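J.: I'm passing along query_33.pdb; it holds PDB, N, CA and C atoms.
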ATOM      1  N   MET B  16     -12.318  21.879   4.916
ATOM      2  CA  MET B  16     -12.677  20.609   4.319
ATOM      3  C   MET B  16     -12.980  20.771   2.832
ATOM      4  N   ILE B  17     -13.700  21.799   2.482
ATOM      5  CA  ILE B  17     -14.058  22.001   1.081
ATOM      6  C   ILE B  17     -12.816  22.296   0.236
ATOM      7  N   GLU B  18     -11.756  22.864   0.882
ATOM      8  CA  GLU B  18     -10.515  23.135   0.150
ATOM      9  C   GLU B  18      -9.886  21.836  -0.331
ATOM     10  N   LEU B  19     -10.019  20.770   0.478
ATOM     11  CA  LEU B  19      -9.472  19.476   0.072
ATOM     12  C   LEU B  19     -10.183  18.927  -1.160
ATOM     13  N   LEU B  20     -11.493  19.124  -1.224
ATOM     14  CA  LEU B  20     -12.247  18.620  -2.371
ATOM     15  C   LEU B  20     -11.968  19.407  -3.643
ATOM     16  N   LEU B  21     -11.566  20.656  -3.514
ATOM     17  CA  LEU B  21     -11.309  21.492  -4.682
ATOM     18  C   LEU B  21      -9.841  21.487  -5.111
ATOM     19  N   ASN B  22      -8.986  20.833  -4.358
ATOM     20  CA  ASN B  22      -7.565  20.799  -4.671
ATOM     21  C   ASN B  22      -7.289  19.735  -5.739
ATOM     22  N   PRO B  23      -6.797  20.138  -6.922
ATOM     23  CA  PRO B  23      -6.555  19.157  -7.988
ATOM     24  C   PRO B  23      -5.440  18.167  -7.651
ATOM     25  N   GLU B  24      -4.479  18.562  -6.817
ATOM     26  CA  GLU B  24      -3.406  17.645  -6.438
ATOM     27  C   GLU B  24      -3.956  16.467  -5.636
ATOM     28  N   ILE B  25      -4.946  16.722  -4.798
ATOM     29  CA  ILE B  25      -5.586  15.655  -4.023
ATOM     30  C   ILE B  25      -6.274  14.676  -4.959
ATOM     31  N   TRP B  26      -6.977  15.194  -5.960
ATOM     32  CA  TRP B  26      -7.686  14.328  -6.900
ATOM     33  C   TRP B  26      -6.702  13.506  -7.738
ATOM     34  N   ILE B  27      -5.606  14.106  -8.162
ATOM     35  CA  ILE B  27      -4.601  13.376  -8.940
ATOM     36  C   ILE B  27      -4.003  12.258  -8.093
ATOM     37  N   ALA B  28      -3.676  12.560  -6.842
ATOM     38  CA  ALA B  28      -3.136  11.537  -5.948
ATOM     39  C   ALA B  28      -4.153  10.423  -5.718
ATOM     40  N   PHE B  29      -5.407  10.783  -5.544
ATOM     41  CA  PHE B  29      -6.464   9.794  -5.326
ATOM     42  C   PHE B  29      -6.607   8.867  -6.531
ATOM     43  N   PHE B  30      -6.652   9.421  -7.741
ATOM     44  CA  PHE B  30      -6.805   8.596  -8.934
ATOM     45  C   PHE B  30      -5.558   7.767  -9.209
ATOM     46  N   THR B  31      -4.392   8.292  -8.897
ATOM     47  CA  THR B  31      -3.165   7.514  -9.049
ATOM     48  C   THR B  31      -3.158   6.329  -8.096
ATOM     49  N   LEU B  32      -3.506   6.578  -6.844
ATOM     50  CA  LEU B  32      -3.567   5.498  -5.860
ATOM     51  C   LEU B  32      -4.621   4.466  -6.243
ATOM     52  N   THR B  33      -5.758   4.914  -6.754
ATOM     53  CA  THR B  33      -6.806   3.988  -7.190
ATOM     54  C   THR B  33      -6.329   3.115  -8.340
ATOM     55  N   ALA B  34      -5.638   3.712  -9.307
ATOM     56  CA  ALA B  34      -5.115   2.942 -10.436
ATOM     57  C   ALA B  34      -4.074   1.923  -9.974
ATOM     58  N   LEU B  35      -3.199   2.330  -9.072
ATOM     59  CA  LEU B  35      -2.203   1.398  -8.551
ATOM     60  C   LEU B  35      -2.850   0.248  -7.791
ATOM     61  N   GLU B  36      -3.859   0.539  -7.009
ATOM     62  CA  GLU B  36      -4.553  -0.503  -6.263
ATOM     63  C   GLU B  36      -5.253  -1.480  -7.216
ATOM     64  N   LEU B  37      -5.827  -0.980  -8.301
ATOM     65  CA  LEU B  37      -6.464  -1.862  -9.281
ATOM     66  C   LEU B  37      -5.443  -2.791  -9.931
ATOM     67  N   VAL B  38      -4.312  -2.239 -10.341
ATOM     68  CA  VAL B  38      -3.274  -3.052 -10.974
ATOM     69  C   VAL B  38      -2.746  -4.097 -10.000
ATOM     70  N   LEU B  39      -2.465  -3.688  -8.774
ATOM     71  CA  LEU B  39      -1.965  -4.639  -7.781
ATOM     72  C   LEU B  39      -3.012  -5.683  -7.417
ATOM     73  N   GLY B  40      -4.268  -5.288  -7.382
ATOM     74  CA  GLY B  40      -5.342  -6.236  -7.093
ATOM     75  C   GLY B  40      -5.466  -7.288  -8.177
ATOM     76  N   ILE B  41      -5.384  -6.871  -9.434
ATOM     77  CA  ILE B  41      -5.446  -7.819 -10.553
ATOM     78  C   ILE B  41      -4.240  -8.745 -10.509
ATOM     79  N   ASP B  42      -3.077  -8.194 -10.195
ATOM     80  CA  ASP B  42      -1.863  -8.998 -10.071
ATOM     81  C   ASP B  42      -2.029 -10.049  -8.968
ATOM     82  N   ASN B  43      -2.612  -9.661  -7.844
ATOM     83  CA  ASN B  43      -2.856 -10.610  -6.751
ATOM     84  C   ASN B  43      -3.798 -11.723  -7.191
ATOM     85  N   ILE B  44      -4.846 -11.377  -7.909
ATOM     86  CA  ILE B  44      -5.821 -12.375  -8.350
ATOM     87  C   ILE B  44      -5.159 -13.385  -9.289
ATOM     88  N   ILE B  45      -4.344 -12.899 -10.223
ATOM     89  CA  ILE B  45      -3.668 -13.797 -11.162
ATOM     90  C   ILE B  45      -2.691 -14.709 -10.420
ATOM     91  N   PHE B  46      -1.895 -14.142  -9.538
ATOM     92  CA  PHE B  46      -0.904 -14.927  -8.804
ATOM     93  C   PHE B  46      -1.570 -15.970  -7.922
ATOM     94  N   ILE B  47      -2.611 -15.576  -7.202
ATOM     95  CA  ILE B  47      -3.313 -16.512  -6.323
ATOM     96  C   ILE B  47      -3.992 -17.603  -7.149
ATOM     97  N   SER B  48      -4.548 -17.260  -8.294
ATOM     98  CA  SER B  48      -5.191 -18.263  -9.152
ATOM     99  C   SER B  48      -4.193 -19.303  -9.633
ATOM    100  N   ILE B  49      -2.989 -18.859 -10.001
ATOM    101  CA  ILE B  49      -1.960 -19.795 -10.450
ATOM    102  C   ILE B  49      -1.581 -20.754  -9.329
ATOM    103  N   LEU B  50      -1.411 -20.220  -8.126
ATOM    104  CA  LEU B  50      -1.041 -21.077  -7.001
ATOM    105  C   LEU B  50      -2.159 -22.016  -6.582
ATOM    106  N   VAL B  51      -3.393 -21.524  -6.601
ATOM    107  CA  VAL B  51      -4.537 -22.315  -6.140
ATOM    108  C   VAL B  51      -4.826 -23.473  -7.096
ATOM    109  N   ASP B  52      -4.512 -23.312  -8.366
ATOM    110  CA  ASP B  52      -4.778 -24.380  -9.336
ATOM    111  C   ASP B  52      -3.988 -25.650  -9.029
ATOM    112  N   ARG B  53      -2.943 -25.552  -8.255
ATOM    113  CA  ARG B  53      -2.132 -26.724  -7.907
ATOM    114  C   ARG B  53      -2.743 -27.537  -6.763
ATOM    115  N   LEU B  54      -3.726 -26.977  -6.086
ATOM    116  CA  LEU B  54      -4.358 -27.664  -4.952
ATOM    117  C   LEU B  54      -5.476 -28.589  -5.429
ATOM    118  N   PRO B  55      -5.876 -29.535  -4.579
ATOM    119  CA  PRO B  55      -7.052 -30.351  -4.921
ATOM    120  C   PRO B  55      -8.302 -29.471  -5.021
ATOM    121  N   ARG B  56      -9.265 -29.902  -5.829
ATOM    122  CA  ARG B  56     -10.482 -29.106  -6.092
ATOM    123  C   ARG B  56     -11.204 -28.663  -4.828
ATOM    124  N   GLU B  57     -11.290 -29.536  -3.842
ATOM    125  CA  GLU B  57     -12.064 -29.217  -2.644
ATOM    126  C   GLU B  57     -11.409 -28.156  -1.774
ATOM    127  N   LYS B  58     -10.129 -27.909  -1.968
ATOM    128  CA  LYS B  58      -9.426 -26.906  -1.168
ATOM    129  C   LYS B  58      -9.216 -25.594  -1.917
ATOM    130  N   GLN B  59      -9.510 -25.553  -3.198
ATOM    131  CA  GLN B  59      -9.226 -24.366  -4.006
ATOM    132  C   GLN B  59     -10.016 -23.143  -3.570
ATOM    133  N   GLU B  60     -11.298 -23.293  -3.350
ATOM    134  CA  GLU B  60     -12.131 -22.138  -2.978
ATOM    135  C   GLU B  60     -11.685 -21.541  -1.649
ATOM    136  N   PHE B  61     -11.410 -22.396  -0.669
ATOM    137  CA  PHE B  61     -10.957 -21.915   0.639
ATOM    138  C   PHE B  61      -9.609 -21.196   0.511
ATOM    139  N   ALA B  62      -8.684 -21.781  -0.230
ATOM    140  CA  ALA B  62      -7.357 -21.169  -0.408
ATOM    141  C   ALA B  62      -7.469 -19.840  -1.152
ATOM    142  N   ARG B  63      -8.349 -19.747  -2.129
ATOM    143  CA  ARG B  63      -8.540 -18.500  -2.881
ATOM    144  C   ARG B  63      -9.053 -17.392  -1.962
ATOM    145  N   ARG B  64     -10.022 -17.735  -1.131
ATOM    146  CA  ARG B  64     -10.568 -16.733  -0.204
ATOM    147  C   ARG B  64      -9.529 -16.282   0.817
ATOM    148  N   ILE B  65      -8.779 -17.227   1.372
ATOM    149  CA  ILE B  65      -7.736 -16.880   2.344
ATOM    150  C   ILE B  65      -6.664 -16.021   1.682
ATOM    151  N   GLY B  66      -6.244 -16.379   0.482
ATOM    152  CA  GLY B  66      -5.218 -15.613  -0.225
ATOM    153  C   GLY B  66      -5.659 -14.190  -0.512
ATOM    154  N   LEU B  67      -6.879 -14.022  -0.989
ATOM    155  CA  LEU B  67      -7.377 -12.668  -1.273
ATOM    156  C   LEU B  67      -7.555 -11.861   0.006
ATOM    157  N   PHE B  68      -8.011 -12.522   1.079
ATOM    158  CA  PHE B  68      -8.150 -11.821   2.358
ATOM    159  C   PHE B  68      -6.787 -11.347   2.863
ATOM    160  N   LEU B  69      -5.786 -12.233   2.812
ATOM    161  CA  LEU B  69      -4.453 -11.851   3.281
ATOM    162  C   LEU B  69      -3.850 -10.742   2.425
ATOM    163  N   ALA B  70      -4.072 -10.799   1.110
ATOM    164  CA  ALA B  70      -3.567  -9.740   0.228
ATOM    165  C   ALA B  70      -4.208  -8.398   0.580
ATOM    166  N   MET B  71      -5.522  -8.402   0.824
ATOM    167  CA  MET B  71      -6.212  -7.170   1.192
ATOM    168  C   MET B  71      -5.726  -6.660   2.551
ATOM    169  N   PHE B  72      -5.592  -7.569   3.517
ATOM    170  CA  PHE B  72      -5.150  -7.207   4.854
ATOM    171  C   PHE B  72      -3.742  -6.592   4.814
ATOM    172  N   MET B  73      -2.845  -7.207   4.048
ATOM    173  CA  MET B  73      -1.477  -6.690   3.956
ATOM    174  C   MET B  73      -1.440  -5.337   3.254
ATOM    175  N   ARG B  74      -2.258  -5.149   2.232
ATOM    176  CA  ARG B  74      -2.274  -3.867   1.530
ATOM    177  C   ARG B  74      -2.783  -2.758   2.443
ATOM    178  N   ILE B  75      -3.825  -3.040   3.216
ATOM    179  CA  ILE B  75      -4.340  -2.050   4.160
ATOM    180  C   ILE B  75      -3.295  -1.753   5.228
ATOM    181  N   GLY B  76      -2.633  -2.786   5.718
ATOM    182  CA  GLY B  76      -1.567  -2.588   6.708
ATOM    183  C   GLY B  76      -0.427  -1.736   6.167
ATOM    184  N   LEU B  77      -0.019  -1.997   4.935
ATOM    185  CA  LEU B  77       1.057  -1.204   4.334
ATOM    186  C   LEU B  77       0.644   0.254   4.142
ATOM    187  N   LEU B  78      -0.617   0.479   3.770
ATOM    188  CA  LEU B  78      -1.096   1.859   3.633
ATOM    189  C   LEU B  78      -1.117   2.568   4.981
ATOM    190  N   LEU B  79      -1.483   1.864   6.044
ATOM    191  CA  LEU B  79      -1.466   2.464   7.376
ATOM    192  C   LEU B  79      -0.048   2.799   7.816
ATOM    193  N   VAL B  80       0.899   1.901   7.556
ATOM    194  CA  VAL B  80       2.300   2.170   7.900
ATOM    195  C   VAL B  80       2.819   3.363   7.100
ATOM    196  N   LEU B  81       2.462   3.426   5.823
ATOM    197  CA  LEU B  81       2.877   4.552   4.988
ATOM    198  C   LEU B  81       2.317   5.866   5.519
ATOM    199  N   SER B  82       1.068   5.853   5.965
ATOM    200  CA  SER B  82       0.488   7.085   6.511
ATOM    201  C   SER B  82       1.177   7.490   7.810
ATOM    202  N   LEU B  83       1.614   6.514   8.602
ATOM    203  CA  LEU B  83       2.378   6.835   9.811
ATOM    204  C   LEU B  83       3.739   7.434   9.467
ATOM    205  N   ILE B  84       4.402   6.890   8.452
ATOM    206  CA  ILE B  84       5.711   7.401   8.036
ATOM    207  C   ILE B  84       5.592   8.829   7.528
ATOM    208  N   VAL B  85       4.569   9.102   6.745
ATOM    209  CA  VAL B  85       4.371  10.452   6.218
ATOM    210  C   VAL B  85       4.139  11.441   7.353
ATOM    211  N   GLY B  86       3.556  10.991   8.456
ATOM    212  CA  GLY B  86       3.273  11.870   9.583
ATOM    213  C   GLY B  86       4.467  12.145  10.490
ATOM    214  N   LEU B  87       5.592  11.484  10.257
ATOM    215  CA  LEU B  87       6.779  11.688  11.089
ATOM    216  C   LEU B  87       7.544  12.922  10.630
ATOM    217  N   THR B  88       7.001  14.086  10.882
ATOM    218  CA  THR B  88       7.607  15.314  10.372
ATOM    219  C   THR B  88       8.326  16.136  11.436
ATOM    220  N   GLY B  89       8.150  15.811  12.678
ATOM    221  CA  GLY B  89       8.820  16.565  13.749
ATOM    222  C   GLY B  89      10.308  16.246  13.797
ATOM    223  N   PRO B  90      11.134  17.225  14.186
ATOM    224  CA  PRO B  90      12.575  16.972  14.245
ATOM    225  C   PRO B  90      12.907  15.881  15.261
ATOM    226  N   LEU B  91      13.703  14.932  14.796
ATOM    227  CA  LEU B  91      14.069  13.800  15.631
ATOM    228  C   LEU B  91      15.557  13.815  15.957
ATOM    229  N   LEU B  92      16.347  14.369  15.027
ATOM    230  CA  LEU B  92      17.790  14.332  15.147
ATOM    231  C   LEU B  92      18.354  15.590  14.500
ATOM    232  N   THR B  93      19.372  16.186  15.115
ATOM    233  CA  THR B  93      20.036  17.354  14.538
ATOM    234  C   THR B  93      21.502  17.018  14.305
ATOM    235  N   VAL B  94      21.934  17.170  13.052
ATOM    236  CA  VAL B  94      23.318  16.897  12.682
ATOM    237  C   VAL B  94      23.840  18.093  11.889
ATOM    238  N   LEU B  95      24.906  18.701  12.375
ATOM    239  CA  LEU B  95      25.541  19.856  11.724
ATOM    240  C   LEU B  95      24.547  20.979  11.441
ATOM    241  N   GLY B  96      23.647  21.205  12.357
ATOM    242  CA  GLY B  96      22.697  22.296  12.226
ATOM    243  C   GLY B  96      21.466  21.976  11.394
ATOM    244  N   TYR B  97      21.360  20.776  10.861
ATOM    245  CA  TYR B  97      20.196  20.371  10.073
ATOM    246  C   TYR B  97      19.317  19.450  10.914
ATOM    247  N   ASP B  98      18.013  19.725  10.892
ATOM    248  CA  ASP B  98      17.053  18.882  11.597
ATOM    249  C   ASP B  98      16.587  17.760  10.671
ATOM    250  N   TYR B  99      16.546  16.556  11.201
ATOM    251  CA  TYR B  99      16.064  15.405  10.451
ATOM    252  C   TYR B  99      14.875  14.793  11.185
ATOM    253  N   SER B 100      13.812  14.557  10.439
ATOM    254  CA  SER B 100      12.624  13.918  11.011
ATOM    255  C   SER B 100      12.707  12.412  10.773
ATOM    256  N   GLY B 101      11.789  11.674  11.363
ATOM    257  CA  GLY B 101      11.721  10.237  11.136
ATOM    258  C   GLY B 101      11.495   9.918   9.672
ATOM    259  N   ARG B 102      10.684  10.717   9.013
ATOM    260  CA  ARG B 102      10.433  10.524   7.585
ATOM    261  C   ARG B 102      11.707  10.721   6.788
ATOM    262  N   ASP B 103      12.496  11.740   7.131
ATOM    263  CA  ASP B 103      13.765  11.979   6.443
ATOM    264  C   ASP B 103      14.715  10.804   6.603
ATOM    265  N   LEU B 104      14.790  10.263   7.807
ATOM    266  CA  LEU B 104      15.696   9.142   8.068
ATOM    267  C   LEU B 104      15.294   7.890   7.301
ATOM    268  N   ILE B 105      14.025   7.749   6.989
ATOM    269  CA  ILE B 105      13.570   6.614   6.189
ATOM    270  C   ILE B 105      13.781   6.886   4.709
ATOM    271  N   LEU B 106      13.528   8.111   4.268
ATOM    272  CA  LEU B 106      13.620   8.420   2.851
ATOM    273  C   LEU B 106      15.052   8.593   2.362
ATOM    274  N   ILE B 107      15.981   9.016   3.201
ATOM    275  CA  ILE B 107      17.363   9.216   2.756
ATOM    276  C   ILE B 107      17.974   7.909   2.252
ATOM    277  N   PRO B 108      17.948   6.811   3.013
ATOM    278  CA  PRO B 108      18.524   5.570   2.466
ATOM    279  C   PRO B 108      17.730   5.037   1.276
ATOM    280  N   ALA B 109      16.431   5.235   1.266
ATOM    281  CA  ALA B 109      15.606   4.732   0.163
ATOM    282  C   ALA B 109      15.899   5.486  -1.128
ATOM    283  N   GLY B 110      16.208   6.757  -1.027
ATOM    284  CA  GLY B 110      16.502   7.546  -2.221
ATOM    285  C   GLY B 110      17.907   7.368  -2.739
ATOM    286  N   SER B 111      18.792   6.865  -1.905
ATOM    287  CA  SER B 111      20.177   6.729  -2.333
ATOM    288  C   SER B 111      20.457   5.397  -3.014
ATOM    289  N   SER B 112      19.514   4.479  -2.983
ATOM    290  CA  SER B 112      19.777   3.177  -3.618
ATOM    291  C   SER B 112      19.314   3.155  -5.048
TER
END
What is this file in structure tokens?
T.:
Amino acid sequence: MIELLLNPEIWIAFFTLTALELVLGIDNIIFISILVDRLPREKQEFARRIGLFLAMFMRIGLLLVLSLIVGLTGPLLTVLGYDYSGRDLILIPAGSS
């Protein structure tokens, strides 16, 4: 456990993810504010809260799916002597576009 805290790559990844989450969070707030301004005054606060909740819920869900994808490391398919994991099958098409 202490090795994880002393690993600089872990800290760099953590700060990068934190910075990305801050930027995306600010982007969500701006976008939701623009949309909410079109509603009547009495519905704006409720819509703002629902929008921010859904944005947070979706971001957490996407992070959970990403962690599941990263964990797909066991061989799933063998083609021409090469083993491919679930993660490989997802990353190959994503990297080729």
J.: Considering only alpha helix (DSSP H) as DSSP defines it on the backbone, what residues of chain B qualify? List them as JSON, numbers by chain.
T.: {"B": [17, 18, 19, 20, 21, 23, 24, 25, 26, 27, 28, 29, 30, 31, 32, 33, 34, 35, 36, 37, 38, 39, 40, 41, 42, 43, 44, 45, 46, 47, 48, 49, 50, 51, 56, 57, 58, 59, 60, 61, 62, 63, 64, 65, 66, 67, 68, 69, 70, 71, 72, 73, 74, 75, 76, 77, 78, 79, 80, 81, 82, 83, 84, 85, 101, 102, 103, 104, 105, 106, 107, 108, 109, 110, 111]}
J.: Quick check for you: according to DSSP on this backbone, which residues of chain B are classed as strand (DSSP E or B)? Reply as a PyMOL selection string.
T.: chain B and resi 90-94+97-100
J.: Name the residues that the PyMOL selection byres (((chain B and resi 63-72 and name CA) around 12) and name CA) pulls out of this structure, and write them as a ChimeraX atom specification.
T.: /B:36-37,39-54,56-62,73-79
J.: Using all atoms of stretch 68-86 of chain B listed in the file and a margin of 4 Å per side, can you give the axis-aligned box centre and edge lengths in Å to one decimal, as AutoDock Vina command-line options?
T.:
--center_x -1.2 --center_y -0.2 --center_z 5.4 --size_x 21.9 --size_y 32.7 --size_z 18.3
J.: For B:Leu83, which of B:Ile105, B:Leu32, B:Val38, B:Ile25 is the closest residue, counting only C-alpha atoms?
T.: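 Closest candidate: B:Ile105.
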J.: For a test of reading the model, state the distance in Å between atom C of B:Ser100 and atom C of B:Ser82, rounded to one decimal.
T.: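 Here the two named atoms are 12.9 Å from each other.
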J.: Quote the spacing between atom CA of B:Asp98 and atom CA of B:Gly86 in Å to one decimal place.
T.: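 That distance, rounded to one decimal, is 15.6 Å.
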J.: At what distance in Å, to one decimal, does atom CA of B:Ala28 lie from atom C of B:Asp103?
T.: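 Interatomic distance here is 21.8 Å.
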